[in-house]
Structures are given as C-alpha cells and as structure tokens.
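Asker: Have a look at this one before I ask anything.
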Amino acid sequence: MSSWFDLDQVLPDIWRLDDGGLDTCYVLRGSERTGIIDTGQGVGSIAAQAARVGNAPPLVINTHVHPDHVSGNWEFEDVAIGAVEWRSAKEWLGTVSREPGAPGSGRDALKYLRTQRPFPPEFDADTYRTYRMGEPTRLLNEGDVVSLGGFDLEVIVAAAHTLGSVLLLDRKRRVLFSGDTALQRTMWLHLAMSAEPRVAVATYRRLAALADEVDYILPGHRTVVLPGSFLTELADNAEAVLQGRREGQPMSTFAGDGTHYDFGDYGLLFAKPVEEW
C-alpha cells in the first residue's frame, strides 16, 4: 500500500484517487475498459492503483494537458485527449523535454509540489520528470461519447482553465467529471492557455444549463464531491465579475500573478482586472 495515494470509492464503480494531496484522479470500473480520468504528477504508479479497481484494459482520459494531470500517462498505451487541447498543447510541449534526467527535471521539478506526504519507496527524485507522455491514441471532440461498459462519458469542451479542457458527463449516472474547470478552490484562469473572461463566463453559463441533470460533480483537485447546483452558483458569480459587481484583489502564484475574485470557498483568478480586458 502506497503512502502517496489515497484510493477510496465515492460512487458505485467510481474510485477517487488522491495523488499525494496535490490533485485528484478517478478510476472507473467499466465492464469493457477501466477508465482513468487524469494521471496526476507521475510520482507513484497510477497503473498499479487502477489495477486495484478493475482488470479490464485501461483507458486514460485527460481533462487537460497540465503536468499535474498527465505526468503518469507514460504507464498507459491508450490515452484520449481533447482535440482542441492537444492542438494547443503541441505548440509548447515541443519545447519541454519529457524524459527523466533531462535539464529541469529531478529535484528542480519537485520544488513546486510542496507535498507533506512521503514519496513512494521506489521513487527516484533525481530522475523525476513531468510531462512523461506520448501522442494520444484518440482525440475527443464536443459530443463524443467514451464508452467503458456501464459508463457512457459524453465529452463537453469547455474553454476556461484552458481553451480545450474537456468535462465528462455520464447522464445516466448523473455524474460530471469537471477537471480544473469547475472546483471548490481558486480556479486558475490567468495562464497563457486560459480563456479570456468573456469566453470563460460564457462557458460557465453553458455548464449551468446542466445543473438539473447532475447530482455529483467530481473535480480535479480536493476530495470534495460538489452538487449540480454548484454550476449555477459558479455561473452567477462569474457573471457578477463580468458585470463589474465584484471587486478583485491582486494574487501571486508560482505560475504568474493576477486578479482574484473571492466567492468564499472558491474564486476566479484572471490575469488582470476584468475591466481591463
């Protein structure tokens, strides 16, 4: 048993995999495929954890191409990524070496993790590398359905955190896997690959239309399960920001500075005050 991971069942045939307290992946026990939604930091073996859930051939689905969601991809042969996301990511991934031992890897790459958990015994900090991933075997577009056997995951392309992030909706189970697009913490919309405020707010309005069809939102960070009503609340708050009814405050992160709009348990972080766009 790894001290790096927490694996717990949150819904029938759905396991939440807490990746070192840093991000959250999900393992779905389908009758035809074992679905893995995001592969985390690549510190421990996601494949070994997924094998504890199901023995059907694994299929990875990445919600977006950031290092805390794709760095375990190298363990798997079949990987699905949003088509818009992959086109965007390829432009800058070519400048990032994805092999262990490359410049900028090892302990330099670990300095941003800030985890309080011990690394797995087999982990080699000196050869660690983020973005250990190859080409996806499937590209996903709006409305595509990924079937695992007992799961039919409808693809929703949602420009906000990144321009090509995908959410996965199982209408029968009333479950939405929201990645970093909708979660109960600061949503980073200040990155170079993030959507500008008007586009992001339009995305949140579109997602709010699904609120009555969703009972469980499973986000890409924290171990909280959110209700479908969170989509409506988020859209209303985002709209208030766009209309100038919320005041932002400066915020600094390791990925850049921005203006943060605080809603209590969560917030939106844009690259600059909304009125300056």
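By convention here, the chains of the structure tokens are called A, B, ... in the order presented, each chain's residues are numbered starting at 1, and ligands are numbered starting at 1 in the order presented.
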Using DSSP secondary structure from the backbone, list all helix (DSSP H, G or I) positions within region 93-254 of chain A, as a tab-separated table (two decimals) with N, CA and C atoms, in the first residue's frame.

Answerer:
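This is the output file part.tsv:
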chain	number	residue	atom	x	y	z
A	93	LEU	N	4.57	21.92	-26.00
A	93	LEU	CA	5.17	20.69	-25.50
A	93	LEU	C	6.48	20.36	-26.21
A	107	ARG	N	15.13	17.04	-8.94
A	107	ARG	CA	14.68	17.78	-7.77
A	107	ARG	C	14.21	19.19	-8.13
A	108	ASP	N	14.69	19.74	-9.24
A	108	ASP	CA	14.19	21.04	-9.67
A	108	ASP	C	12.70	20.97	-10.01
A	109	ALA	N	12.28	19.87	-10.61
A	109	ALA	CA	10.88	19.71	-10.99
A	109	ALA	C	9.99	19.44	-9.78
A	110	LEU	N	10.58	19.03	-8.68
A	110	LEU	CA	9.81	18.70	-7.48
A	110	LEU	C	9.54	19.91	-6.59
A	125	ALA	N	13.90	10.71	-6.97
A	125	ALA	CA	13.75	12.16	-7.12
A	125	ALA	C	14.72	12.73	-8.14
A	126	ASP	N	15.88	12.11	-8.31
A	126	ASP	CA	16.90	12.67	-9.21
A	126	ASP	C	16.55	12.47	-10.69
A	127	THR	N	15.72	11.49	-11.00
A	127	THR	CA	15.37	11.24	-12.40
A	127	THR	C	13.91	11.59	-12.69
A	197	PRO	N	-11.88	36.44	-20.03
A	197	PRO	CA	-13.05	36.42	-19.16
A	197	PRO	C	-14.38	36.20	-19.86
A	198	ARG	N	-14.65	36.88	-20.95
A	198	ARG	CA	-15.96	36.73	-21.59
A	198	ARG	C	-16.19	35.31	-22.09
A	199	VAL	N	-15.13	34.71	-22.60
A	199	VAL	CA	-15.25	33.32	-23.08
A	199	VAL	C	-15.45	32.38	-21.90
A	200	ALA	N	-14.68	32.59	-20.82
A	200	ALA	CA	-14.80	31.73	-19.65
A	200	ALA	C	-16.19	31.83	-19.03
A	201	VAL	N	-16.70	33.04	-18.92
A	201	VAL	CA	-18.03	33.23	-18.33
A	201	VAL	C	-19.09	32.57	-19.20
A	202	ALA	N	-18.96	32.68	-20.52
A	202	ALA	CA	-19.90	32.01	-21.41
A	202	ALA	C	-19.86	30.50	-21.21
A	203	THR	N	-18.67	29.96	-20.95
A	203	THR	CA	-18.54	28.53	-20.65
A	203	THR	C	-19.29	28.18	-19.38
A	204	TYR	N	-19.13	28.99	-18.34
A	204	TYR	CA	-19.80	28.70	-17.08
A	204	TYR	C	-21.32	28.82	-17.21
A	205	ARG	N	-21.79	29.75	-18.03
A	205	ARG	CA	-23.23	29.83	-18.28
A	205	ARG	C	-23.72	28.55	-18.95
A	206	ARG	N	-22.96	28.06	-19.92
A	206	ARG	CA	-23.35	26.84	-20.64
A	206	ARG	C	-23.39	25.64	-19.70
A	207	LEU	N	-22.40	25.56	-18.80
A	207	LEU	CA	-22.38	24.45	-17.85
A	207	LEU	C	-23.54	24.55	-16.86
A	208	ALA	N	-23.96	25.77	-16.51
A	208	ALA	CA	-25.07	25.93	-15.57
A	208	ALA	C	-26.36	25.32	-16.12
A	211	ALA	N	-27.09	21.90	-14.69
A	211	ALA	CA	-27.19	21.73	-13.24
A	211	ALA	C	-28.28	20.74	-12.84
A	212	ASP	N	-29.42	20.78	-13.51
A	212	ASP	CA	-30.53	19.90	-13.14
A	212	ASP	C	-30.31	18.46	-13.58
A	213	GLU	N	-29.29	18.23	-14.41
A	213	GLU	CA	-29.00	16.88	-14.90
A	213	GLU	C	-27.85	16.22	-14.12
A	229	SER	N	-25.94	21.95	-8.30
A	229	SER	CA	-26.27	23.36	-8.10
A	229	SER	C	-25.04	24.25	-8.07
A	230	PHE	N	-23.86	23.67	-7.83
A	230	PHE	CA	-22.63	24.46	-7.84
A	230	PHE	C	-22.42	25.11	-9.21
A	231	LEU	N	-22.85	24.46	-10.28
A	231	LEU	CA	-22.69	25.01	-11.62
A	231	LEU	C	-23.47	26.31	-11.78
A	232	THR	N	-24.66	26.36	-11.20
A	232	THR	CA	-25.47	27.58	-11.26
A	232	THR	C	-24.84	28.69	-10.43
A	233	GLU	N	-24.41	28.33	-9.23
A	233	GLU	CA	-23.76	29.32	-8.35
A	233	GLU	C	-22.50	29.89	-8.98
A	234	LEU	N	-21.71	29.02	-9.57
A	234	LEU	CA	-20.47	29.46	-10.21
A	234	LEU	C	-20.76	30.40	-11.37
A	235	ALA	N	-21.73	30.06	-12.20
A	235	ALA	CA	-22.08	30.91	-13.34
A	235	ALA	C	-22.59	32.27	-12.88
A	236	ASP	N	-23.40	32.30	-11.83
A	236	ASP	CA	-23.92	33.58	-11.32
A	236	ASP	C	-22.79	34.45	-10.80
A	237	ASN	N	-21.85	33.85	-10.08
A	237	ASN	CA	-20.73	34.64	-9.55
A	237	ASN	C	-19.81	35.12	-10.68
A	238	ALA	N	-19.58	34.26	-11.67
A	238	ALA	CA	-18.74	34.67	-12.80
A	238	ALA	C	-19.39	35.81	-13.57
A	239	GLU	N	-20.70	35.75	-13.73
A	239	GLU	CA	-21.42	36.83	-14.40
A	239	GLU	C	-21.32	38.13	-13.62
A	240	ALA	N	-21.37	38.05	-12.30
A	240	ALA	CA	-21.24	39.25	-11.47
A	240	ALA	C	-19.87	39.89	-11.65
A	241	VAL	N	-18.83	39.07	-11.78
A	241	VAL	CA	-17.50	39.60	-12.05
A	241	VAL	C	-17.47	40.33	-13.38
A	242	LEU	N	-18.03	39.70	-14.40
A	242	LEU	CA	-18.01	40.28	-15.75
A	242	LEU	C	-18.75	41.61	-15.79

Asker: Using only C-alpha atoms, what does the table of region 172-221 of chain A residues within 10 Å of region 29-51 of chain A look like, with each row giving the shortest atom pair and its distance in Å to one decimal, sorted by chain and ascending number, as CSV?

Answerer:
residue,atom,partner,partner_atom,distance
A:Phe177,CA,A:Ile37,CA,8.2
A:Gly179,CA,A:Asp38,CA,8.4
A:Gly220,CA,A:Asp38,CA,8.2

Asker: Could you write out that same residue set with C-alpha atoms as a PDB file, in the first residue's frame?

Answerer:
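Result saved to out.pdb:
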ATOM      1  CA  PHE A 177     -16.055  14.940 -14.062  1.00  0.00           C
ATOM      2  CA  GLY A 179     -11.233  18.610 -14.154  1.00  0.00           C
ATOM      3  CA  GLY A 220      -9.659  17.559 -10.400  1.00  0.00           C
TER       4      GLY A 220
END

Asker: Looking at only C-alpha atoms, which of A:Asp170, A:Asp19, A:Glu91, A:Glu135 is the one that sits closest to Gln116 (chain A)?

Answerer: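 Result for the nearest residue to Gln116 (chain A): A:Asp19.
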
Asker: Pull the strand (DSSP E or B) assignments for region 5-170 of chain A out of DSSP run on the backbone, and list those residues as an mmCIF file with N, CA and C atoms, in the first residue's frame.

Answerer:
data_model
loop_
_atom_site.group_PDB
_atom_site.id
_atom_site.type_symbol
_atom_site.label_atom_id
_atom_site.label_comp_id
_atom_site.auth_asym_id
_atom_site.auth_seq_id
_atom_site.Cartn_x
_atom_site.Cartn_y
_atom_site.Cartn_z
ATOM 1 N N PHE A 5 -0.667 7.652 -2.223
ATOM 2 C CA PHE A 5 -2.034 7.680 -2.731
ATOM 3 C C PHE A 5 -3.055 7.395 -1.634
ATOM 4 N N ASP A 6 -4.240 7.973 -1.816
ATOM 5 C CA ASP A 6 -5.447 7.528 -1.120
ATOM 6 C C ASP A 6 -6.436 7.100 -2.200
ATOM 7 N N LEU A 7 -6.918 5.885 -2.103
ATOM 8 C CA LEU A 7 -7.888 5.356 -3.065
ATOM 9 C C LEU A 7 -9.150 4.994 -2.311
ATOM 10 N N ASP A 8 -10.250 5.682 -2.626
ATOM 11 C CA ASP A 8 -11.492 5.372 -1.924
ATOM 12 C C ASP A 8 -12.668 5.454 -2.894
ATOM 13 N N GLN A 9 -13.647 4.599 -2.657
ATOM 14 C CA GLN A 9 -14.825 4.558 -3.514
ATOM 15 C C GLN A 9 -15.777 5.676 -3.112
ATOM 16 N N VAL A 10 -16.201 6.476 -4.108
ATOM 17 C CA VAL A 10 -17.093 7.596 -3.817
ATOM 18 C C VAL A 10 -18.498 7.363 -4.345
ATOM 19 N N LEU A 11 -18.636 6.556 -5.401
ATOM 20 C CA LEU A 11 -19.919 6.229 -6.002
ATOM 21 C C LEU A 11 -19.809 4.815 -6.557
ATOM 22 N N ILE A 14 -16.967 3.866 -9.032
ATOM 23 C CA ILE A 14 -16.123 5.057 -9.201
ATOM 24 C C ILE A 14 -15.249 5.220 -7.965
ATOM 25 N N TRP A 15 -13.932 5.247 -8.177
ATOM 26 C CA TRP A 15 -12.960 5.447 -7.098
ATOM 27 C C TRP A 15 -12.252 6.776 -7.291
ATOM 28 N N ARG A 16 -12.077 7.479 -6.229
ATOM 29 C CA ARG A 16 -11.306 8.720 -6.229
ATOM 30 C C ARG A 16 -9.884 8.393 -5.813
ATOM 31 N N LEU A 17 -8.928 8.878 -6.579
ATOM 32 C CA LEU A 17 -7.517 8.630 -6.299
ATOM 33 C C LEU A 17 -6.845 9.960 -5.980
ATOM 34 N N ASP A 18 -6.603 10.166 -4.692
ATOM 35 C CA ASP A 18 -5.914 11.372 -4.231
ATOM 36 C C ASP A 18 -4.422 11.175 -4.470
ATOM 37 N N ASP A 19 -3.840 12.028 -5.290
ATOM 38 C CA ASP A 19 -2.453 11.911 -5.728
ATOM 39 C C ASP A 19 -1.562 12.796 -4.863
ATOM 40 N N ASP A 23 -3.517 16.592 -6.342
ATOM 41 C CA ASP A 23 -4.528 16.579 -7.386
ATOM 42 C C ASP A 23 -5.363 15.321 -7.211
ATOM 43 N N THR A 24 -6.448 15.233 -7.975
ATOM 44 C CA THR A 24 -7.370 14.117 -7.828
ATOM 45 C C THR A 24 -7.640 13.474 -9.178
ATOM 46 N N CYS A 25 -7.398 12.176 -9.243
ATOM 47 C CA CYS A 25 -7.717 11.371 -10.422
ATOM 48 C C CYS A 25 -8.911 10.485 -10.068
ATOM 49 N N TYR A 26 -9.493 9.844 -11.074
ATOM 50 C CA TYR A 26 -10.617 8.946 -10.840
ATOM 51 C C TYR A 26 -10.413 7.658 -11.621
ATOM 52 N N VAL A 27 -10.809 6.561 -11.022
ATOM 53 C CA VAL A 27 -10.735 5.259 -11.673
ATOM 54 C C VAL A 27 -12.150 4.700 -11.755
ATOM 55 N N LEU A 28 -12.568 4.333 -12.955
ATOM 56 C CA LEU A 28 -13.916 3.866 -13.219
ATOM 57 C C LEU A 28 -13.868 2.392 -13.611
ATOM 58 N N ARG A 29 -14.611 1.566 -12.898
ATOM 59 C CA ARG A 29 -14.606 0.141 -13.178
ATOM 60 C C ARG A 29 -15.687 -0.189 -14.209
ATOM 61 N N THR A 34 -11.226 -0.180 -18.015
ATOM 62 C CA THR A 34 -11.038 0.537 -16.756
ATOM 63 C C THR A 34 -10.660 1.972 -17.111
ATOM 64 N N GLY A 35 -11.535 2.897 -16.812
ATOM 65 C CA GLY A 35 -11.275 4.292 -17.157
ATOM 66 C C GLY A 35 -10.436 4.977 -16.104
ATOM 67 N N ILE A 36 -9.435 5.731 -16.536
ATOM 68 C CA ILE A 36 -8.607 6.530 -15.624
ATOM 69 C C ILE A 36 -8.713 7.968 -16.079
ATOM 70 N N ILE A 37 -9.353 8.788 -15.279
ATOM 71 C CA ILE A 37 -9.505 10.200 -15.619
ATOM 72 C C ILE A 37 -8.378 10.978 -14.961
ATOM 73 N N PRO A 58 -6.989 -0.775 -19.478
ATOM 74 C CA PRO A 58 -7.139 0.619 -19.058
ATOM 75 C C PRO A 58 -7.217 1.588 -20.232
ATOM 76 N N LEU A 59 -7.971 2.650 -20.026
ATOM 77 C CA LEU A 59 -8.063 3.763 -20.970
ATOM 78 C C LEU A 59 -7.963 5.052 -20.180
ATOM 79 N N VAL A 60 -6.957 5.863 -20.493
ATOM 80 C CA VAL A 60 -6.793 7.168 -19.847
ATOM 81 C C VAL A 60 -7.572 8.221 -20.617
ATOM 82 N N ILE A 61 -8.244 9.088 -19.884
ATOM 83 C CA ILE A 61 -8.877 10.274 -20.467
ATOM 84 C C ILE A 61 -8.344 11.478 -19.700
ATOM 85 N N ASN A 62 -7.630 12.344 -20.391
ATOM 86 C CA ASN A 62 -7.088 13.551 -19.758
ATOM 87 C C ASN A 62 -8.065 14.708 -19.911
ATOM 88 N N VAL A 79 -4.652 6.478 -24.646
ATOM 89 C CA VAL A 79 -4.878 7.771 -23.999
ATOM 90 C C VAL A 79 -5.749 8.631 -24.900
ATOM 91 N N ALA A 80 -6.793 9.203 -24.324
ATOM 92 C CA ALA A 80 -7.678 10.117 -25.053
ATOM 93 C C ALA A 80 -7.518 11.524 -24.487
ATOM 94 N N ILE A 81 -7.381 12.499 -25.375
ATOM 95 C CA ILE A 81 -7.213 13.905 -25.013
ATOM 96 C C ILE A 81 -8.093 14.730 -25.947
ATOM 97 N N GLY A 82 -8.623 15.835 -25.465
ATOM 98 C CA GLY A 82 -9.418 16.728 -26.303
ATOM 99 C C GLY A 82 -8.638 17.203 -27.513
ATOM 100 N N ARG A 138 -6.438 8.736 -29.122
ATOM 101 C CA ARG A 138 -7.766 9.203 -29.534
ATOM 102 C C ARG A 138 -7.906 10.666 -29.195
ATOM 103 N N LEU A 139 -8.459 11.440 -30.133
ATOM 104 C CA LEU A 139 -8.740 12.845 -29.897
ATOM 105 C C LEU A 139 -10.241 13.026 -29.746
ATOM 106 N N LEU A 140 -10.636 13.803 -28.755
ATOM 107 C CA LEU A 140 -12.043 13.941 -28.391
ATOM 108 C C LEU A 140 -12.585 15.296 -28.814
ATOM 109 N N VAL A 145 -18.737 10.365 -27.315
ATOM 110 C CA VAL A 145 -19.055 9.542 -26.161
ATOM 111 C C VAL A 145 -17.976 8.475 -26.007
ATOM 112 N N VAL A 146 -17.401 8.404 -24.815
ATOM 113 C CA VAL A 146 -16.414 7.379 -24.490
ATOM 114 C C VAL A 146 -17.131 6.296 -23.681
ATOM 115 N N SER A 147 -17.215 5.098 -24.228
ATOM 116 C CA SER A 147 -17.926 4.002 -23.575
ATOM 117 C C SER A 147 -16.929 3.051 -22.938
ATOM 118 N N ASP A 152 -21.045 5.703 -20.052
ATOM 119 C CA ASP A 152 -21.038 6.416 -21.325
ATOM 120 C C ASP A 152 -20.730 7.872 -21.014
ATOM 121 N N LEU A 153 -19.498 8.264 -21.274
ATOM 122 C CA LEU A 153 -18.999 9.579 -20.894
ATOM 123 C C LEU A 153 -19.082 10.526 -22.078
ATOM 124 N N GLU A 154 -19.974 11.494 -21.971
ATOM 125 C CA GLU A 154 -20.163 12.489 -23.035
ATOM 126 C C GLU A 154 -19.145 13.613 -22.877
ATOM 127 N N VAL A 155 -18.498 13.969 -23.964
ATOM 128 C CA VAL A 155 -17.436 14.975 -23.937
ATOM 129 C C VAL A 155 -18.030 16.367 -24.073
ATOM 130 N N ILE A 156 -17.649 17.252 -23.162
ATOM 131 C CA ILE A 156 -18.014 18.671 -23.215
ATOM 132 C C ILE A 156 -16.721 19.469 -23.278
ATOM 133 N N VAL A 157 -16.516 20.204 -24.347
ATOM 134 C CA VAL A 157 -15.329 21.047 -24.485
ATOM 135 C C VAL A 157 -15.629 22.385 -23.818
ATOM 136 N N VAL A 166 -11.659 19.362 -21.365
ATOM 137 C CA VAL A 166 -12.890 18.599 -21.535
ATOM 138 C C VAL A 166 -13.450 18.197 -20.176
ATOM 139 N N LEU A 167 -14.776 18.238 -20.084
ATOM 140 C CA LEU A 167 -15.509 17.673 -18.973
ATOM 141 C C LEU A 167 -16.192 16.418 -19.492
ATOM 142 N N LEU A 168 -16.480 15.500 -18.590
ATOM 143 C CA LEU A 168 -17.066 14.215 -18.971
ATOM 144 C C LEU A 168 -18.350 14.016 -18.190
ATOM 145 N N LEU A 169 -19.460 13.868 -18.909
ATOM 146 C CA LEU A 169 -20.776 13.765 -18.303
ATOM 147 C C LEU A 169 -21.364 12.385 -18.552
ATOM 148 N N ASP A 170 -21.699 11.694 -17.484
ATOM 149 C CA ASP A 170 -22.447 10.446 -17.588
ATOM 150 C C ASP A 170 -23.890 10.770 -17.204
#

Asker: Applying 6 Å and only C-alpha atoms, which residues near Thr186 (chain A) remain after dropping the ones on its own chain fewer than 3 positions away? List them as a list in words.

Answerer: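 So, after excluding close chain neighbours, the residues are Tyr266, Gly267 and Leu268 of chain A.
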
Asker: Could you dump the residues just selected with N, CA and C atoms as an mmCIF file, in the first residue's frame?

Answerer:
data_model
loop_
_atom_site.group_PDB
_atom_site.id
_atom_site.type_symbol
_atom_site.label_atom_id
_atom_site.label_comp_id
_atom_site.auth_asym_id
_atom_site.auth_seq_id
_atom_site.Cartn_x
_atom_site.Cartn_y
_atom_site.Cartn_z
ATOM 1 N N TYR A 266 -14.304 29.414 -2.840
ATOM 2 C CA TYR A 266 -13.628 29.304 -4.132
ATOM 3 C C TYR A 266 -13.550 30.692 -4.766
ATOM 4 N N GLY A 267 -12.899 30.775 -5.914
ATOM 5 C CA GLY A 267 -12.778 32.058 -6.589
ATOM 6 C C GLY A 267 -12.259 31.891 -7.998
ATOM 7 N N LEU A 268 -12.207 32.999 -8.714
ATOM 8 C CA LEU A 268 -11.690 33.033 -10.082
ATOM 9 C C LEU A 268 -10.461 33.932 -10.112
#

Asker: Between A:Trp92, A:Tyr131, A:Phe254, A:Tyr261, which one has atoms that come closest to Asp68 (chain A), using only C-alpha atoms?

Answerer: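 Among the listed residues, the smallest separation from Asp68 (chain A) belongs to A:Tyr131.
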